[in-house]
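Listing of query_15.cif, mmCIF, C-alpha atoms
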```cif
data_work
loop_
_atom_site.label_atom_id
_atom_site.label_comp_id
_atom_site.auth_asym_id
_atom_site.auth_seq_id
_atom_site.Cartn_x
_atom_site.Cartn_y
_atom_site.Cartn_z
CA MET A 450 5.11 -4.95 19.59
CA LEU A 451 5.49 -5.35 15.83
CA LEU A 452 6.67 -2.43 13.70
CA ALA A 453 5.38 -2.61 10.11
CA LEU A 454 6.92 -0.35 7.46
CA ASP A 455 5.47 0.20 3.99
CA VAL A 456 8.02 2.11 1.89
CA GLY A 457 6.48 3.65 -1.22
CA ASN A 458 7.86 5.97 -3.86
CA THR A 459 6.09 9.00 -2.35
CA ASN A 460 5.27 8.09 1.26
CA THR A 461 6.45 5.70 3.93
CA LYS A 462 3.83 4.40 6.35
CA LEU A 463 4.61 2.99 9.78
CA GLY A 464 2.27 0.93 11.92
CA LEU A 465 2.87 -0.30 15.45
CA TYR A 466 0.89 -3.40 16.46
CA ARG A 467 0.38 -4.82 19.93
CA LEU A 468 0.94 -8.55 19.53
CA ASP A 469 -0.38 -9.31 23.03
CA ALA A 470 -3.90 -8.33 21.93
CA GLU A 471 -6.27 -10.73 20.17
CA PRO A 472 -6.47 -9.92 17.37
CA PRO A 473 -3.30 -7.78 17.27
CA ALA A 474 -4.27 -4.13 17.67
CA LEU A 475 -2.86 -1.10 15.89
CA ALA A 476 -1.39 1.09 18.63
CA ALA A 477 -0.02 3.93 16.48
CA ASN A 478 0.63 4.81 12.88
CA TRP A 479 2.49 7.51 10.94
CA ARG A 480 2.83 8.67 7.33
CA LEU A 481 6.15 10.21 6.24
CA THR A 482 7.63 11.49 3.02
CA THR A 483 10.01 8.93 1.51
CA HIS A 484 13.52 10.42 1.31
CA ARG A 485 15.97 8.34 -0.69
CA THR A 486 19.02 10.32 0.48
CA GLN A 487 18.50 10.23 4.24
CA THR A 488 21.20 8.44 6.21
CA VAL A 489 20.84 5.62 8.71
CA ASP A 490 21.30 8.08 11.58
CA GLU A 491 18.69 10.47 10.19
CA TYR A 492 16.07 7.76 9.77
CA GLY A 493 16.92 6.29 13.16
CA ALA A 494 16.53 9.65 14.91
CA LEU A 495 13.25 10.28 13.09
CA PHE A 496 11.73 6.93 14.04
CA ILE A 497 12.82 7.17 17.69
CA ASN A 498 11.44 10.71 17.97
CA LEU A 499 8.09 9.60 16.54
CA PHE A 500 7.89 6.93 19.25
CA HIS A 501 8.79 9.36 22.01
CA MET A 502 6.20 11.91 20.81
CA LYS A 503 3.49 9.31 21.50
CA GLY A 504 5.04 8.14 24.76
CA ILE A 505 6.09 4.76 23.37
CA ASP A 506 9.34 3.11 24.44
CA PRO A 507 11.20 1.87 21.31
CA ALA A 508 12.43 -1.09 23.37
CA GLN A 509 8.89 -2.49 23.18
CA VAL A 510 9.44 -3.27 19.50
CA LYS A 511 10.45 -6.92 19.25
CA HIS A 512 9.76 -7.57 15.56
CA ILE A 513 9.90 -5.55 12.33
CA ILE A 514 8.50 -6.35 8.88
CA ILE A 515 9.08 -4.20 5.79
CA SER A 516 7.56 -3.95 2.33
CA SER A 517 9.55 -1.71 0.03
CA VAL A 518 9.36 -0.70 -3.62
CA VAL A 519 12.38 1.61 -3.28
CA PRO A 520 15.38 -0.77 -3.48
CA PRO A 521 18.02 1.93 -2.76
CA LEU A 522 16.49 2.35 0.72
CA ASP A 523 16.44 -1.33 1.65
CA SER A 524 19.99 -1.50 3.02
CA THR A 525 19.51 1.82 4.85
CA LEU A 526 16.34 0.61 6.57
CA ARG A 527 17.93 -2.71 7.43
CA GLN A 528 20.74 -0.86 9.21
CA VAL A 529 18.23 1.43 10.96
CA CYS A 530 16.41 -1.62 12.34
CA GLU A 531 19.64 -3.22 13.50
CA THR A 532 21.16 -0.09 15.08
CA ALA A 533 18.10 1.71 16.49
CA PHE A 534 15.99 -1.32 17.48
CA HIS A 535 18.60 -4.14 17.54
CA ILE A 536 16.32 -6.25 15.35
CA GLU A 537 16.88 -7.96 12.03
CA PRO A 538 13.84 -7.02 9.91
CA LEU A 539 11.78 -9.40 7.81
CA PHE A 540 11.40 -8.13 4.23
CA VAL A 541 8.53 -9.08 1.95
CA GLU A 542 10.63 -10.84 -0.70
CA PRO A 543 11.00 -14.27 -2.38
CA GLY A 544 10.60 -17.15 0.03
CA ILE A 545 8.16 -15.46 2.38
CA LYS A 546 5.04 -17.49 3.17
CA THR A 547 2.06 -15.68 1.71
CA GLY A 548 -0.88 -18.08 1.92
CA MET A 549 -2.10 -16.63 -1.40
CA PRO A 550 -1.52 -18.30 -4.78
CA VAL A 551 -0.28 -15.65 -7.23
CA LEU A 552 -1.65 -16.59 -10.66
CA VAL A 553 0.44 -14.30 -12.86
CA ASP A 554 3.16 -14.99 -15.40
CA ASN A 555 6.01 -13.97 -13.10
CA PRO A 556 5.05 -13.69 -9.40
CA THR A 557 8.39 -12.04 -8.59
CA GLU A 558 7.25 -8.93 -10.49
CA LEU A 559 4.38 -8.23 -8.11
CA GLY A 560 5.09 -5.27 -5.83
CA ALA A 561 5.34 -6.04 -2.12
CA ASP A 562 2.73 -3.38 -1.31
CA ARG A 563 0.31 -4.89 -3.80
CA LEU A 564 0.72 -8.32 -2.25
CA CYS A 565 0.06 -6.88 1.23
CA ASP A 566 -3.07 -5.08 0.00
CA SER A 567 -4.41 -8.25 -1.60
CA ILE A 568 -3.77 -10.47 1.42
CA ALA A 569 -5.36 -7.99 3.83
CA ALA A 570 -8.38 -7.39 1.58
CA PHE A 571 -9.18 -11.10 1.30
CA GLU A 572 -8.57 -11.69 5.01
CA LYS A 573 -10.76 -8.76 6.08
CA TYR A 574 -13.48 -8.66 3.39
CA GLY A 575 -13.46 -12.04 1.69
CA GLY A 576 -13.58 -12.74 -2.03
CA PRO A 577 -14.05 -12.01 -4.77
CA CYS A 578 -12.75 -8.51 -4.20
CA ILE A 579 -10.90 -5.71 -5.96
CA VAL A 580 -8.44 -3.35 -4.30
CA VAL A 581 -7.87 0.14 -5.71
CA ASP A 582 -4.77 1.69 -4.12
CA PHE A 583 -4.34 5.39 -4.86
CA GLY A 584 -0.63 6.15 -4.67
CA THR A 585 2.07 7.46 -6.97
CA ALA A 586 0.52 4.95 -9.34
CA THR A 587 -3.05 3.72 -8.95
CA LYS A 588 -3.08 -0.05 -8.67
CA PHE A 589 -6.01 -2.41 -9.16
CA GLU A 590 -5.72 -5.88 -7.58
CA VAL A 591 -8.18 -8.67 -8.36
CA ILE A 592 -8.64 -11.51 -5.86
CA SER A 593 -10.85 -14.53 -6.50
CA GLU A 594 -13.50 -16.05 -4.28
CA ARG A 595 -10.92 -18.71 -3.28
CA GLY A 596 -8.31 -16.14 -2.30
CA GLU A 597 -6.17 -16.33 -5.43
CA TYR A 598 -4.43 -13.26 -6.81
CA LEU A 599 -5.73 -13.22 -10.41
CA GLY A 600 -3.90 -10.14 -11.70
CA GLY A 601 -4.18 -6.39 -11.77
CA ILE A 602 -3.72 -3.06 -13.51
CA ILE A 603 -1.35 -0.14 -13.00
CA ALA A 604 -2.37 3.38 -14.08
CA PRO A 605 -0.68 6.76 -13.54
CA GLY A 606 -1.70 8.27 -10.21
CA LEU A 607 -3.83 11.41 -10.04
CA GLY A 608 -0.96 13.50 -8.68
CA LEU A 609 1.39 12.19 -11.35
CA SER A 610 -1.13 13.00 -14.09
CA ALA A 611 -1.59 16.52 -12.74
CA ASP A 612 2.19 17.07 -12.56
CA ALA A 613 2.55 16.03 -16.21
CA LEU A 614 -0.18 18.49 -17.25
CA PHE A 615 1.29 21.43 -15.36
CA ASP A 616 4.86 20.65 -16.46
CA ARG A 617 3.98 20.47 -20.16
CA ALA A 618 1.42 23.32 -20.37
CA ALA A 619 3.31 26.58 -19.82
CA LYS A 620 0.25 28.78 -19.24
CA LEU A 621 -1.53 26.49 -16.78
CA ALA A 622 -0.80 27.25 -13.14
CA ARG A 623 -0.96 24.54 -10.51
CA VAL A 624 -4.26 24.20 -8.70
CA ASP A 625 -5.43 22.34 -5.64
CA ILE A 626 -6.84 19.00 -6.73
CA LYS A 627 -10.30 18.68 -5.21
CA ARG A 628 -13.96 18.08 -6.08
CA PRO A 629 -15.23 21.22 -7.82
CA ALA A 630 -18.61 22.76 -7.02
CA LYS A 631 -19.90 21.88 -10.50
CA VAL A 632 -18.72 19.90 -13.50
CA ILE A 633 -18.81 22.76 -16.04
CA GLY A 634 -16.18 25.21 -14.87
CA THR A 635 -16.47 28.94 -15.45
CA ASN A 636 -12.79 29.81 -14.94
CA THR A 637 -9.44 28.16 -15.54
CA VAL A 638 -9.14 26.84 -11.99
CA GLY A 639 -12.59 25.26 -12.26
CA HIS A 640 -11.76 23.81 -15.68
CA LEU A 641 -8.61 22.15 -14.35
CA GLN A 642 -10.18 20.85 -11.17
CA SER A 643 -13.14 19.38 -13.03
CA GLY A 644 -10.94 17.75 -15.64
CA LEU A 645 -8.57 16.25 -13.11
CA TYR A 646 -11.19 15.13 -10.61
CA TYR A 647 -13.96 13.83 -12.86
CA GLY A 648 -11.52 12.65 -15.47
CA TYR A 649 -9.84 10.47 -12.88
CA ILE A 650 -13.13 9.10 -11.58
CA GLY A 651 -13.89 8.19 -15.18
CA LEU A 652 -10.58 6.33 -15.38
CA VAL A 653 -11.22 4.43 -12.14
CA ASP A 654 -14.82 3.47 -12.86
CA GLY A 655 -14.04 2.73 -16.51
CA ILE A 656 -11.37 0.20 -15.49
CA LEU A 657 -13.63 -1.27 -12.81
CA ASP A 658 -16.42 -1.63 -15.41
CA ARG A 659 -14.17 -3.83 -17.48
CA ILE A 660 -12.78 -5.85 -14.57
CA VAL A 661 -16.29 -6.65 -13.29
CA ALA A 662 -17.44 -7.59 -16.81
CA GLU A 663 -14.44 -9.89 -17.30
CA LEU A 664 -15.05 -11.62 -13.95
CA ALA A 665 -18.72 -12.08 -14.88
CA LEU A 666 -17.69 -14.06 -17.98
CA ALA A 667 -16.30 -16.75 -15.69
CA ASP A 668 -19.13 -16.56 -13.14
CA PRO A 669 -22.13 -14.26 -13.76
CA ALA A 670 -23.10 -14.55 -10.09
CA GLN A 671 -19.85 -12.99 -8.87
CA LYS A 672 -20.21 -9.50 -7.44
CA PRO A 673 -16.79 -8.41 -6.23
CA ARG A 674 -16.44 -6.02 -3.33
CA VAL A 675 -14.28 -2.98 -4.14
CA ILE A 676 -12.00 -1.60 -1.43
CA ALA A 677 -10.07 1.65 -1.79
CA SER A 678 -6.84 2.54 -0.03
CA GLY A 679 -4.09 5.14 -0.35
CA GLY A 680 -3.76 8.86 0.12
CA LEU A 681 -6.47 9.98 -2.33
CA ALA A 682 -9.03 7.28 -1.55
CA HIS A 683 -11.22 9.54 0.59
CA MET A 684 -11.44 12.14 -2.19
CA ILE A 685 -12.17 9.81 -5.10
CA ALA A 686 -14.29 7.07 -3.51
CA PRO A 687 -17.51 9.04 -2.79
CA ASP A 688 -18.16 9.64 -6.50
CA SER A 689 -17.22 6.15 -7.66
CA ARG A 690 -20.04 3.81 -8.63
CA TYR A 691 -18.12 0.78 -7.37
CA ILE A 692 -16.03 1.56 -4.28
CA SER A 693 -17.87 0.38 -1.16
CA GLU A 694 -15.11 0.49 1.46
CA ILE A 695 -12.18 2.75 2.32
CA ASP A 696 -9.40 1.12 4.35
CA ASP A 697 -6.44 3.35 5.18
CA MET A 698 -4.60 0.59 7.02
CA LEU A 699 -4.88 -2.10 4.33
CA THR A 700 -1.17 -2.34 3.49
CA LEU A 701 -0.05 -2.22 7.12
CA ASP A 702 -2.63 -4.87 8.06
CA GLY A 703 -1.32 -7.01 5.22
CA LEU A 704 2.19 -6.72 6.66
CA ARG A 705 0.89 -7.75 10.08
CA ILE A 706 -0.84 -10.80 8.56
CA LEU A 707 2.31 -11.75 6.65
CA PHE A 708 4.36 -11.49 9.85
CA ASP A 709 1.91 -13.78 11.62
CA ARG A 710 2.23 -16.34 8.82
CA ASN A 711 6.03 -16.27 8.96
CA LYS A 712 6.91 -15.66 12.62
CA THR A 713 7.43 -19.32 13.57
CA ALA A 714 9.39 -20.25 10.47
CA ARG A 715 11.58 -17.17 10.16
CA PRO A 716 15.27 -17.76 10.96
CA ARG A 717 17.35 -15.12 12.67
CA SER A 718 19.84 -15.20 9.81
CA ARG A 719 18.97 -13.98 6.33
CA ALA A 720 18.53 -17.52 5.06
CA ARG A 721 15.25 -17.78 3.20
CA THR A 722 12.40 -20.18 3.75
CA THR A 723 10.56 -21.92 0.97
CA SER A 724 6.92 -21.07 0.45
CA SER A 725 4.49 -23.83 -0.37
CA SER A 726 1.56 -21.47 -0.85
CA GLY A 727 2.82 -18.88 -3.29
CA GLU A 728 5.49 -16.21 -3.11
CA SER A 729 6.03 -12.67 -4.25
CA LEU A 730 8.67 -10.03 -4.73
CA GLN A 731 8.72 -6.26 -4.48
CA GLY A 732 8.37 -4.81 -7.94
CA THR A 733 8.57 -1.46 -9.62
CA SER A 734 5.13 -0.20 -8.64
CA GLU A 735 4.49 1.85 -5.53
#
```
Whole structure, structure tokens version:
Amino acid sequence: MLLALDVGNTNTKLGLYRLDAEPPALAANWRLTTHRTQTVDEYGALFINLFHMKGIDPAQVKHIIISSVVPPLDSTLRQVCETAFHIEPLFVEPGIKTGMPVLVDNPTELGADRLCDSIAAFEKYGGPCIVVDFGTATKFEVISERGEYLGGIIAPGLGLSADALFDRAAKLARVDIKRPAKVIGTNTVGHLQSGLYYGYIGLVDGILDRIVAELALADPAQKPRVIASGGLAHMIAPDSRYISEIDDMLTLDGLRILFDRNKTARPRSRARTTSSSGESLQGTSE
């Protein structure tokens, strides 16, 4: 089995893939809160317990791949992999074979999670396509018809925007963020929910409007497919004019694809291979 870990600023996702299936099948997955202060022993115990709760023997894990945008946790997770699973993990970092040309000014700035999303979206849905990943930040990734990463956008996430509003407005109490019954609220809770929910849909569709228009300048016939992922995708997508697919496993599937592209060339030591098809580095986004 392959264990894929996507370490974000808010959540850490784990996916366990059966490599003896064709194509490799997702056997189990978990979503955890990312804790920067947990020790190697604490993370190790947590991971092993998750396996045991689903009746999975940790010894079945033969490979591990990690994308992380939380650098302080990288050494901790490396030690967890080596002590709990006796495996040296493969990190999504410079030198990894991606199979995707990254056409930005500095490819090393692109977050590992964003690279995984883009690779999986093109592999699963073809191009041109746009990924909208709703996390701590909301990221937009634009992939060409030929499978090139053209660029993207980072906006504050919905939860982050709500936190800023509640922290700075003393008389506004926190509310559950959800789709209100109607747009025009008749009480403070309704006002806040409508503003947060519909305001954020306006942000998402407004950005997508401009991305689609810019792509059409190069090729008017292009109609990109828009795929949503991340924790809030199921809430936001139904009212978006553009989002046609929701894929909760996009990042984990991207990790599995990256592992497949690197498994034969990866050394057991930490020496790095040279990519002839583009490379990327974890950045500061989620």
Can you tell me, as an mmCIF file with C-alpha atoms, in the frame of the given file, what residues are no more than 12 Å from Ala533 in chain A when counting all atoms listed in the file, ignoring any on the same chain fewer than 4 positions away?
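Contents of out30.cif, as written:
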```
data_model
loop_
_atom_site.group_PDB
_atom_site.id
_atom_site.type_symbol
_atom_site.label_atom_id
_atom_site.label_comp_id
_atom_site.auth_asym_id
_atom_site.auth_seq_id
_atom_site.Cartn_x
_atom_site.Cartn_y
_atom_site.Cartn_z
ATOM 1 C CA VAL A 489 20.840 5.620 8.710
ATOM 2 C CA ASP A 490 21.300 8.080 11.580
ATOM 3 C CA GLU A 491 18.690 10.470 10.190
ATOM 4 C CA TYR A 492 16.070 7.760 9.770
ATOM 5 C CA GLY A 493 16.920 6.290 13.160
ATOM 6 C CA ALA A 494 16.530 9.650 14.910
ATOM 7 C CA LEU A 495 13.250 10.280 13.090
ATOM 8 C CA PHE A 496 11.730 6.930 14.040
ATOM 9 C CA ILE A 497 12.820 7.170 17.690
ATOM 10 C CA ASN A 498 11.440 10.710 17.970
ATOM 11 C CA PHE A 500 7.890 6.930 19.250
ATOM 12 C CA ASP A 506 9.340 3.110 24.440
ATOM 13 C CA PRO A 507 11.200 1.870 21.310
ATOM 14 C CA ALA A 508 12.430 -1.090 23.370
ATOM 15 C CA VAL A 510 9.440 -3.270 19.500
ATOM 16 C CA LYS A 511 10.450 -6.920 19.250
ATOM 17 C CA ILE A 513 9.900 -5.550 12.330
ATOM 18 C CA THR A 525 19.510 1.820 4.850
ATOM 19 C CA LEU A 526 16.340 0.610 6.570
ATOM 20 C CA ARG A 527 17.930 -2.710 7.430
ATOM 21 C CA GLN A 528 20.740 -0.860 9.210
ATOM 22 C CA VAL A 529 18.230 1.430 10.960
ATOM 23 C CA GLU A 537 16.880 -7.960 12.030
ATOM 24 C CA PRO A 538 13.840 -7.020 9.910
#
```
Two-atom distance - CA of Gly608 in chain A, CA of Ala686 in chain A (Å) |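 Computing the Euclidean distance for CA of Gly608 in chain A and CA of Ala686 in chain A yields 15.7 Å.
Note that CA of Ile536 in chain A and CA of Thr700 in chain A are 21.5 Å apart.
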Which residue of A:Leu522, A:Ala477, A:Val581, A:Ala677 approaches Ile505 in chain A most closely, using only C-alpha atoms =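 Closest to Ile505 in chain A, using only C-alpha atoms: A:Ala477.
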Selected residue of minimal separation from Leu641 in chain A among A:Asp709, A:Glu558, A:Asp455, A:Asp625, counting only C-alpha atoms =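 Ranked by minimum distance to Leu641 in chain A, first place goes to A:Asp625.
Going from CA of Val456 in chain A to CA of Ala474 in chain A covers 21.0 Å.
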Select, from A:Leu699, A:Ile633, A:Ala682, A:Ile545, the residue with the minimum atom-to-atom distance to Lys712 in chain A, counting all atoms listed in the file.
->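 Selected residue with least distance to Lys712 in chain A: A:Ile545.
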Which residue, A:Gly601, A:Met450, A:Ile676, A:Pro687, has the smallest gap to Lys573 in chain A when you use all atoms listed in the file?
->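 Under the stated criterion, the closest residue is A:Ile676.
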Which residues come within 12 Å of Ile592 in chain A, counting all atoms listed in the file, excluding same-chain residues fewer than 2 positions away, as a CSV table (one decimal) with C-alpha atoms, in the frame of the given file?
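Result saved to part-v4.csv:
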```csv
chain,number,residue,atom,x,y,z
A,549,MET,CA,-2.1,-16.6,-1.4
A,550,PRO,CA,-1.5,-18.3,-4.8
A,551,VAL,CA,-0.3,-15.6,-7.2
A,552,LEU,CA,-1.6,-16.6,-10.7
A,553,VAL,CA,0.4,-14.3,-12.9
A,563,ARG,CA,0.3,-4.9,-3.8
A,564,LEU,CA,0.7,-8.3,-2.2
A,566,ASP,CA,-3.1,-5.1,0.0
A,567,SER,CA,-4.4,-8.2,-1.6
A,568,ILE,CA,-3.8,-10.5,1.4
A,569,ALA,CA,-5.4,-8.0,3.8
A,570,ALA,CA,-8.4,-7.4,1.6
A,571,PHE,CA,-9.2,-11.1,1.3
A,572,GLU,CA,-8.6,-11.7,5.0
A,574,TYR,CA,-13.5,-8.7,3.4
A,575,GLY,CA,-13.5,-12.0,1.7
A,576,GLY,CA,-13.6,-12.7,-2.0
A,577,PRO,CA,-14.0,-12.0,-4.8
A,578,CYS,CA,-12.8,-8.5,-4.2
A,579,ILE,CA,-10.9,-5.7,-6.0
A,580,VAL,CA,-8.4,-3.4,-4.3
A,581,VAL,CA,-7.9,0.1,-5.7
A,589,PHE,CA,-6.0,-2.4,-9.2
A,590,GLU,CA,-5.7,-5.9,-7.6
A,594,GLU,CA,-13.5,-16.0,-4.3
A,595,ARG,CA,-10.9,-18.7,-3.3
A,596,GLY,CA,-8.3,-16.1,-2.3
A,597,GLU,CA,-6.2,-16.3,-5.4
A,598,TYR,CA,-4.4,-13.3,-6.8
A,599,LEU,CA,-5.7,-13.2,-10.4
A,600,GLY,CA,-3.9,-10.1,-11.7
A,601,GLY,CA,-4.2,-6.4,-11.8
A,660,ILE,CA,-12.8,-5.8,-14.6
A,661,VAL,CA,-16.3,-6.6,-13.3
A,664,LEU,CA,-15.0,-11.6,-14.0
A,671,GLN,CA,-19.8,-13.0,-8.9
A,672,LYS,CA,-20.2,-9.5,-7.4
A,673,PRO,CA,-16.8,-8.4,-6.2
A,674,ARG,CA,-16.4,-6.0,-3.3
A,675,VAL,CA,-14.3,-3.0,-4.1
A,676,ILE,CA,-12.0,-1.6,-1.4
```
Which residue out of A:Ile626, A:Ala453, A:Ala667, A:Ile515 has the minimum interatomic distance to Ser610 in chain A when all atoms listed in the file are used?
->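 Among A:Ile626, A:Ala453, A:Ala667, A:Ile515, it is A:Ile626 that comes nearest to Ser610 in chain A.
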With a distance cut-off of 8 Å and only C-alpha atoms, select the neighbouring residues of Leu704 in chain A, excluding the residue or stretch itself and same-chain residues fewer than 2 positions from it, and output the selection as a PyMOL selection string.
-> chain A and resi 453-454+514-516+565+700-702+706-708
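Between Ser689 in chain A and the residues A:Ala586, A:Ala665, A:Leu559, A:Ile656, the shortest atom-to-atom distance, using all atoms listed in the file, involves A:Ile656.
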Convert the output of the PyMOL selection byres ((chain A and resi 647) around 12) on the shown file into explicit residues, formatted as a ChimeraX atom specification.
-> /A:607,626-634,639-646,648-655,684-689
